[in-house]
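Data block below; observations after.
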Amino acid sequence: MRRIRTTLTFATVFAISLLIFSPITMAEQTAGLSPKKPDGIMELTVSPTSTRLELKAGQSTKGEFMIFNSGEVSLDVKVSANPYSVKNENYDGDYENETPRSQIVRWINFDQAEYHLEPRQQETVHFTVNTPQSIPDGGQYAVLLAETASEATSTEGSSFNTIKRVGTLLYASTDGQTKDSGFVKEVSVKGWQKEQPVAFTQRITNDGNTDFVTTGKATLTSLFGREIATVIVDEQIVLPDTTRATDKSFNEKVVPGFYKLSVESTFLGQTHTSEKWVFVAPVWLVSLVLIIFLLVIAVIIWLAGRGKGSRKIKIRGQ
């Protein structure tokens with residue numbers, strides 16, 4: 001009994017010593033300075049997301065956009081103009097390489113190149129496009145960037161900068177000869193849709209020299225003409241000399257069967273309609289139906305063979 005009492009006493013003293021001299025308690029006692037607060041959220045936004053201008057040869061055209069410090073720390077912001085084009089049919093943006101359609105970046109001058117924004121403060125960025133006397137026909141495209149970098153931060157012996165960059169796309173048209181032209185290159189869909197939702201891809205080509213806006217709608221109808229599902233193809237801009245691919249799918253799930261897919265695309269004042277037939281069914285269902293069909297055929301053949309054998313026996317009995 002005494003040994004148990006001694007053991008409990010030792011354990012109690014040991015536990016109390018851990019509480020007194022633990023690193024957490026020591027940290028609280030020796031923290032003469034308040035703990036360092038984490039850095040605030042750095043957030044920069046720009047409005048609008050796109051701007052349109054009409055340019056005339058030899059004249060200056062003014063424009064503007066807004067930058068807004070929507071974060072919790074003050075920001076030093078630099079503005080600049082970069083070329084804008086796309087790399088592929090998925091329209092991944094290219095903001096580095098200049099093309100004949102992005103010469104406008106050479107004509108842009110900002111009234112002010114740098115801004116200081118306190119939290120929740122906004123500024124309007126003014127710029128001027130000084131168009132030369134000789135300009136190419138058609139559209140010109142650029143991205144107007146607002147960029148900020150936080151102070152270097154040290155973490156375990158290394159330092160880094162936090163960079164925030166946002167931009168507004170600039171779509172400009174010149175007063176030269178304009179060619180508005182485009183066509184639906186393809187509407188592709190798998191003839192057998194093994195998984196749902198039903199999906200398709202639309203490709204629209206712009207073979208003109210200025211951009212245009214396209215909108216559309218797709219519907220699924222049954223064999224009897226009843227509308228089963230609808231999806232809206234959002235408004236999109238198609239740049240000249242490019243093809244834009246749009247992947248869409250229906251939100252509704254449909255019962256297995258045959259359906260007609262109709263895709264309407266509207267651009268340049270015309271509506272283009274493409275129609276395709278699709279079969280919707282999972283692999284397991286098709287396999288099951290095939291197995292049942294083969295079993296039915298086998299039974300029919302077996303029954304037919306059995307009937308012939310019975311007739312032969314009857315004839316021999318006579």
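Naming works like this for the structure tokens: A, B, ... for the chains as they're shown, residue 1 at the start of each chain, ligands 1 onward in shown order.
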
Identify, with DSSP run on backbone atoms, the residues in region 151-303 of chain A assigned to strand (DSSP E or B), and express the list as a ChimeraX atom specification. /A:153-155,158-160,163-174,182-188,192-193,199-206,212-221,227-238,242-249,257-267,270-280

Counting only C-alpha atoms, what is within 12 Å of Glu72 (chain A), bar same-chain residues fewer than 6 positions away, as a list in words?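 The residues that qualify are Pro38, Asp39, Gly40, Ile41, Met42, Glu43, Leu44, Leu117, Glu118, Pro119, Arg120 and Gln121 of chain A.
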
What's the 10 Å shell around region 222-235 of chain A, counting only C-alpha atoms, without same-chain residues fewer than 3 positions away, as number ranges by chain? A: 198, 202, 213-219, 238, 246-255, 257-267, 277

Using only C-alpha atoms, which protein or nucleic acid residues come within 7 Å of Ser80 (chain A)? Drop anything in the same chain fewer than 4 positions from it, and give the result as a list in words.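 So, after excluding close chain neighbours, the residues are Leu144, Leu145 and Ala146 of chain A.
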
The selected residues should be written to file as a CSV table (one decimal), in the first residue's frame (atoms: C-alpha atoms).
```csv
chain,number,residue,atom,x,y,z
A,144,LEU,CA,-3.7,45.9,-70.3
A,145,LEU,CA,-2.0,44.6,-67.2
A,146,ALA,CA,-1.9,45.8,-63.6
```

Excluding region 98-108 of chain A and residues on its chain fewer than 4 positions from it, collect all residues at most 10 Å away from it, counting only C-alpha atoms, and give them as a compact mmCIF listing (two decimals) with all heavy atoms, in the first residue's frame.
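Saved the output as part_21.txt:
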```
# COMPACT_ATOMS: atom_id res chain seq x y z
N LEU A 55 -10.50 52.65 -83.74
CA LEU A 55 -9.31 53.45 -84.06
C LEU A 55 -9.40 54.03 -85.46
O LEU A 55 -9.93 53.40 -86.38
CB LEU A 55 -8.05 52.59 -83.94
CG LEU A 55 -7.86 51.82 -82.63
CD1 LEU A 55 -6.57 51.01 -82.69
CD2 LEU A 55 -7.85 52.77 -81.44
N SER A 60 -5.67 60.06 -82.21
CA SER A 60 -5.49 59.53 -80.86
C SER A 60 -6.85 59.16 -80.28
O SER A 60 -7.83 59.89 -80.44
CB SER A 60 -4.80 60.56 -79.96
OG SER A 60 -3.49 60.83 -80.42
N THR A 61 -6.88 58.02 -79.61
CA THR A 61 -8.11 57.53 -78.99
C THR A 61 -7.84 57.26 -77.51
O THR A 61 -6.86 56.60 -77.18
CB THR A 61 -8.59 56.24 -79.67
OG1 THR A 61 -8.73 56.47 -81.08
CG2 THR A 61 -9.92 55.79 -79.10
N LYS A 62 -8.68 57.78 -76.67
CA LYS A 62 -8.49 57.62 -75.23
C LYS A 62 -9.34 56.49 -74.68
O LYS A 62 -10.43 56.20 -75.19
CB LYS A 62 -8.80 58.93 -74.49
CG LYS A 62 -7.84 60.06 -74.82
CD LYS A 62 -8.08 61.26 -73.94
CE LYS A 62 -7.07 62.37 -74.22
NZ LYS A 62 -5.68 61.94 -73.91
N GLY A 63 -8.83 55.87 -73.63
CA GLY A 63 -9.56 54.80 -72.95
C GLY A 63 -9.20 54.78 -71.48
O GLY A 63 -8.28 55.49 -71.04
N SER A 80 0.89 48.22 -67.65
CA SER A 80 1.63 48.04 -68.91
C SER A 80 0.70 47.42 -69.94
O SER A 80 -0.41 46.97 -69.62
CB SER A 80 2.85 47.15 -68.69
OG SER A 80 2.46 45.86 -68.23
N ALA A 81 1.15 47.39 -71.19
CA ALA A 81 0.39 46.80 -72.29
C ALA A 81 1.20 45.66 -72.90
O ALA A 81 2.39 45.83 -73.19
CB ALA A 81 0.06 47.84 -73.35
N ASN A 82 0.57 44.51 -73.07
CA ASN A 82 1.19 43.35 -73.69
C ASN A 82 0.36 42.89 -74.87
O ASN A 82 -0.85 43.12 -74.92
CB ASN A 82 1.31 42.20 -72.68
CG ASN A 82 2.55 42.30 -71.83
OD1 ASN A 82 3.01 43.40 -71.52
ND2 ASN A 82 3.08 41.17 -71.41
N PRO A 83 0.99 42.21 -75.84
CA PRO A 83 0.22 41.67 -76.97
C PRO A 83 -0.73 40.57 -76.50
O PRO A 83 -0.49 39.92 -75.48
CB PRO A 83 1.29 41.12 -77.91
CG PRO A 83 2.48 40.88 -77.03
CD PRO A 83 2.43 41.93 -75.97
N TYR A 84 -1.79 40.39 -77.24
CA TYR A 84 -2.75 39.32 -76.93
C TYR A 84 -3.08 38.54 -78.19
O TYR A 84 -3.46 39.10 -79.22
CB TYR A 84 -4.04 39.89 -76.34
CG TYR A 84 -5.14 38.86 -76.22
CD1 TYR A 84 -4.96 37.70 -75.47
CD2 TYR A 84 -6.37 39.03 -76.88
CE1 TYR A 84 -5.96 36.75 -75.36
CE2 TYR A 84 -7.38 38.08 -76.77
CZ TYR A 84 -7.17 36.94 -76.01
OH TYR A 84 -8.16 36.00 -75.92
N SER A 85 -2.91 37.23 -78.09
CA SER A 85 -3.33 36.29 -79.13
C SER A 85 -3.65 34.97 -78.44
O SER A 85 -3.59 34.88 -77.21
CB SER A 85 -2.23 36.12 -80.19
OG SER A 85 -1.04 35.63 -79.60
N ASP A 94 -1.95 33.94 -75.17
CA ASP A 94 -0.53 34.23 -75.34
C ASP A 94 -0.36 35.73 -75.16
O ASP A 94 -0.81 36.53 -75.97
CB ASP A 94 -0.06 33.80 -76.74
CG ASP A 94 1.44 33.98 -76.93
OD1 ASP A 94 2.09 34.63 -76.07
OD2 ASP A 94 1.98 33.47 -77.93
N PHE A 127 -5.39 55.87 -70.50
CA PHE A 127 -4.39 55.59 -71.52
C PHE A 127 -4.83 56.19 -72.85
O PHE A 127 -6.02 56.49 -73.06
CB PHE A 127 -4.13 54.09 -71.65
CG PHE A 127 -5.32 53.30 -72.11
CD1 PHE A 127 -5.53 53.03 -73.47
CD2 PHE A 127 -6.24 52.81 -71.20
CE1 PHE A 127 -6.62 52.30 -73.90
CE2 PHE A 127 -7.36 52.08 -71.62
CZ PHE A 127 -7.53 51.82 -72.97
N THR A 128 -3.86 56.35 -73.75
CA THR A 128 -4.13 56.91 -75.08
C THR A 128 -3.52 56.00 -76.13
O THR A 128 -2.38 55.54 -75.98
CB THR A 128 -3.53 58.32 -75.21
OG1 THR A 128 -4.05 59.15 -74.18
CG2 THR A 128 -3.87 58.92 -76.57
N VAL A 129 -4.28 55.73 -77.18
CA VAL A 129 -3.78 54.96 -78.32
C VAL A 129 -3.48 55.95 -79.45
O VAL A 129 -4.40 56.53 -80.03
CB VAL A 129 -4.80 53.91 -78.78
CG1 VAL A 129 -4.22 53.09 -79.93
CG2 VAL A 129 -5.20 53.00 -77.62
N ASN A 130 -2.20 56.16 -79.72
CA ASN A 130 -1.77 57.07 -80.79
C ASN A 130 -1.59 56.26 -82.07
O ASN A 130 -0.54 55.65 -82.30
CB ASN A 130 -0.47 57.77 -80.39
CG ASN A 130 -0.65 58.63 -79.16
OD1 ASN A 130 -1.56 59.45 -79.08
ND2 ASN A 130 0.21 58.44 -78.16
N THR A 131 -2.63 56.24 -82.90
CA THR A 131 -2.62 55.41 -84.10
C THR A 131 -1.79 56.08 -85.20
O THR A 131 -2.00 57.26 -85.49
CB THR A 131 -4.06 55.20 -84.59
OG1 THR A 131 -4.87 54.80 -83.50
CG2 THR A 131 -4.11 54.14 -85.66
N PRO A 132 -0.87 55.33 -85.83
CA PRO A 132 -0.08 55.92 -86.92
C PRO A 132 -0.93 56.13 -88.18
O PRO A 132 -2.07 55.67 -88.27
CB PRO A 132 1.01 54.86 -87.15
CG PRO A 132 0.42 53.58 -86.66
CD PRO A 132 -0.47 53.95 -85.52
N ILE A 135 -2.01 51.97 -90.92
CA ILE A 135 -2.37 50.91 -89.99
C ILE A 135 -2.96 49.74 -90.76
O ILE A 135 -3.56 49.92 -91.82
CB ILE A 135 -3.39 51.39 -88.93
CG1 ILE A 135 -4.64 51.94 -89.60
CG2 ILE A 135 -2.77 52.42 -88.01
CD1 ILE A 135 -5.73 52.33 -88.62
N PRO A 136 -2.80 48.51 -90.25
CA PRO A 136 -3.36 47.35 -90.96
C PRO A 136 -4.87 47.32 -90.83
O PRO A 136 -5.45 47.86 -89.88
CB PRO A 136 -2.71 46.16 -90.22
CG PRO A 136 -2.36 46.68 -88.87
CD PRO A 136 -2.01 48.13 -89.06
N ASP A 137 -5.52 46.70 -91.81
CA ASP A 137 -6.96 46.53 -91.75
C ASP A 137 -7.32 45.52 -90.66
O ASP A 137 -6.52 44.68 -90.27
CB ASP A 137 -7.50 46.03 -93.10
CG ASP A 137 -7.30 47.05 -94.20
OD1 ASP A 137 -7.28 48.26 -93.89
OD2 ASP A 137 -7.16 46.64 -95.38
N GLY A 138 -8.55 45.63 -90.18
CA GLY A 138 -9.04 44.62 -89.26
C GLY A 138 -8.78 44.93 -87.80
O GLY A 138 -8.53 46.07 -87.41
N GLY A 139 -8.82 43.87 -86.98
CA GLY A 139 -8.73 44.03 -85.53
C GLY A 139 -7.31 44.08 -85.00
O GLY A 139 -6.38 43.55 -85.61
N GLN A 140 -7.17 44.72 -83.85
CA GLN A 140 -5.92 44.78 -83.10
C GLN A 140 -6.24 44.43 -81.65
O GLN A 140 -7.25 44.88 -81.10
CB GLN A 140 -5.29 46.18 -83.18
CG GLN A 140 -4.69 46.50 -84.54
CD GLN A 140 -3.40 45.73 -84.79
OE1 GLN A 140 -2.54 45.63 -83.93
NE2 GLN A 140 -3.29 45.17 -85.99
N TYR A 141 -5.32 43.65 -81.02
CA TYR A 141 -5.65 43.09 -79.72
C TYR A 141 -4.47 43.19 -78.76
O TYR A 141 -3.31 42.98 -79.14
CB TYR A 141 -6.09 41.63 -79.88
CG TYR A 141 -7.18 41.50 -80.92
CD1 TYR A 141 -6.88 41.13 -82.24
CD2 TYR A 141 -8.49 41.79 -80.59
CE1 TYR A 141 -7.87 41.06 -83.19
CE2 TYR A 141 -9.50 41.73 -81.55
CZ TYR A 141 -9.18 41.35 -82.85
OH TYR A 141 -10.16 41.29 -83.81
N ALA A 142 -4.79 43.51 -77.51
CA ALA A 142 -3.77 43.66 -76.47
C ALA A 142 -4.41 43.33 -75.13
O ALA A 142 -5.63 43.22 -75.00
CB ALA A 142 -3.19 45.07 -76.47
N VAL A 143 -3.56 43.17 -74.11
CA VAL A 143 -4.03 43.02 -72.74
C VAL A 143 -3.37 44.12 -71.92
O VAL A 143 -2.16 44.34 -72.00
CB VAL A 143 -3.71 41.63 -72.16
CG1 VAL A 143 -2.23 41.32 -72.23
CG2 VAL A 143 -4.22 41.51 -70.73
N LEU A 144 -4.17 44.87 -71.18
CA LEU A 144 -3.68 45.94 -70.33
C LEU A 144 -3.52 45.37 -68.92
O LEU A 144 -4.51 44.98 -68.28
CB LEU A 144 -4.66 47.12 -70.33
CG LEU A 144 -5.01 47.65 -71.74
CD1 LEU A 144 -6.02 48.78 -71.63
CD2 LEU A 144 -3.76 48.08 -72.49
N LEU A 170 -8.14 44.21 -74.52
CA LEU A 170 -8.47 45.35 -75.37
C LEU A 170 -8.73 44.85 -76.79
O LEU A 170 -7.85 44.29 -77.44
CB LEU A 170 -7.31 46.35 -75.36
CG LEU A 170 -7.48 47.58 -76.26
CD1 LEU A 170 -8.71 48.38 -75.88
CD2 LEU A 170 -6.23 48.46 -76.20
N TYR A 171 -9.98 45.03 -77.25
CA TYR A 171 -10.37 44.68 -78.61
C TYR A 171 -10.55 45.98 -79.39
O TYR A 171 -11.43 46.79 -79.06
CB TYR A 171 -11.69 43.90 -78.61
CG TYR A 171 -11.64 42.59 -77.87
CD1 TYR A 171 -11.97 42.52 -76.51
CD2 TYR A 171 -11.28 41.41 -78.51
CE1 TYR A 171 -11.93 41.31 -75.83
CE2 TYR A 171 -11.24 40.20 -77.83
CZ TYR A 171 -11.56 40.17 -76.49
OH TYR A 171 -11.53 38.98 -75.82
N ALA A 172 -9.73 46.17 -80.41
CA ALA A 172 -9.78 47.41 -81.18
C ALA A 172 -10.02 47.09 -82.65
O ALA A 172 -9.53 46.10 -83.19
CB ALA A 172 -8.48 48.19 -81.03
N ASN A 209 -11.04 39.40 -90.89
CA ASN A 209 -9.91 40.14 -90.32
C ASN A 209 -10.28 40.91 -89.05
O ASN A 209 -9.51 41.75 -88.59
CB ASN A 209 -9.29 41.08 -91.36
CG ASN A 209 -10.25 42.19 -91.79
OD1 ASN A 209 -11.37 42.32 -91.29
ND2 ASN A 209 -9.81 42.99 -92.76
N THR A 210 -11.47 40.63 -88.50
CA THR A 210 -11.86 41.25 -87.24
C THR A 210 -12.66 40.24 -86.43
O THR A 210 -13.25 39.30 -86.99
CB THR A 210 -12.68 42.53 -87.46
OG1 THR A 210 -12.91 43.18 -86.21
CG2 THR A 210 -14.02 42.21 -88.10
N LEU A 239 -11.48 35.30 -82.49
CA LEU A 239 -10.51 36.21 -83.10
C LEU A 239 -10.29 35.87 -84.56
O LEU A 239 -10.48 34.71 -84.97
CB LEU A 239 -9.19 36.15 -82.34
CG LEU A 239 -9.24 36.55 -80.85
CD1 LEU A 239 -7.85 36.39 -80.23
CD2 LEU A 239 -9.74 37.97 -80.69
N PRO A 240 -9.86 36.83 -85.37
CA PRO A 240 -9.61 36.55 -86.80
C PRO A 240 -8.48 35.54 -86.98
O PRO A 240 -7.56 35.47 -86.17
CB PRO A 240 -9.24 37.92 -87.37
CG PRO A 240 -8.83 38.74 -86.20
CD PRO A 240 -9.62 38.25 -85.05
N ASP A 241 -8.60 34.76 -88.04
CA ASP A 241 -7.60 33.76 -88.41
C ASP A 241 -7.43 32.68 -87.35
O ASP A 241 -6.35 32.10 -87.19
CB ASP A 241 -6.23 34.42 -88.69
CG ASP A 241 -6.33 35.55 -89.69
OD1 ASP A 241 -7.04 35.38 -90.71
OD2 ASP A 241 -5.72 36.62 -89.46
```

Tell me which protein, DNA and RNA residues are within 7 Å of region 187-196 of chain A, counting only C-alpha atoms, leaving out same-chain ones fewer than 2 positions away, and put them as a list in words. Val198, Ala199, Phe200, Thr201, Gln202, Arg203, Lys253, Ser274, Trp277, Val278, Phe279, Val280, Ala281, Pro282 and Val283 of chain A

Using only C-alpha atoms, which residue out of A:Tyr91, A:Leu53, A:Val46, A:Ala304 lies closest to Gln236 (chain A)?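 Closest to Gln236 (chain A), using only C-alpha atoms: A:Tyr91.
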
Within region 50-172 of chain A, find each residue whose DSSP state, derived from the backbone, is helix (DSSP H, G or I), and express the selection as an MDAnalysis selection string. chainID A and resid 100:106

Provide the CA of Asp180 (chain A) to CA of Gly208 (chain A) distance in Å, to one decimal place.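 Separating CA of Asp180 (chain A) from CA of Gly208 (chain A) is a distance of 5.0 Å.
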
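Between CA of Asn88 (chain A) and CA of Ala245 (chain A) the interatomic distance comes to 8.9 Å.
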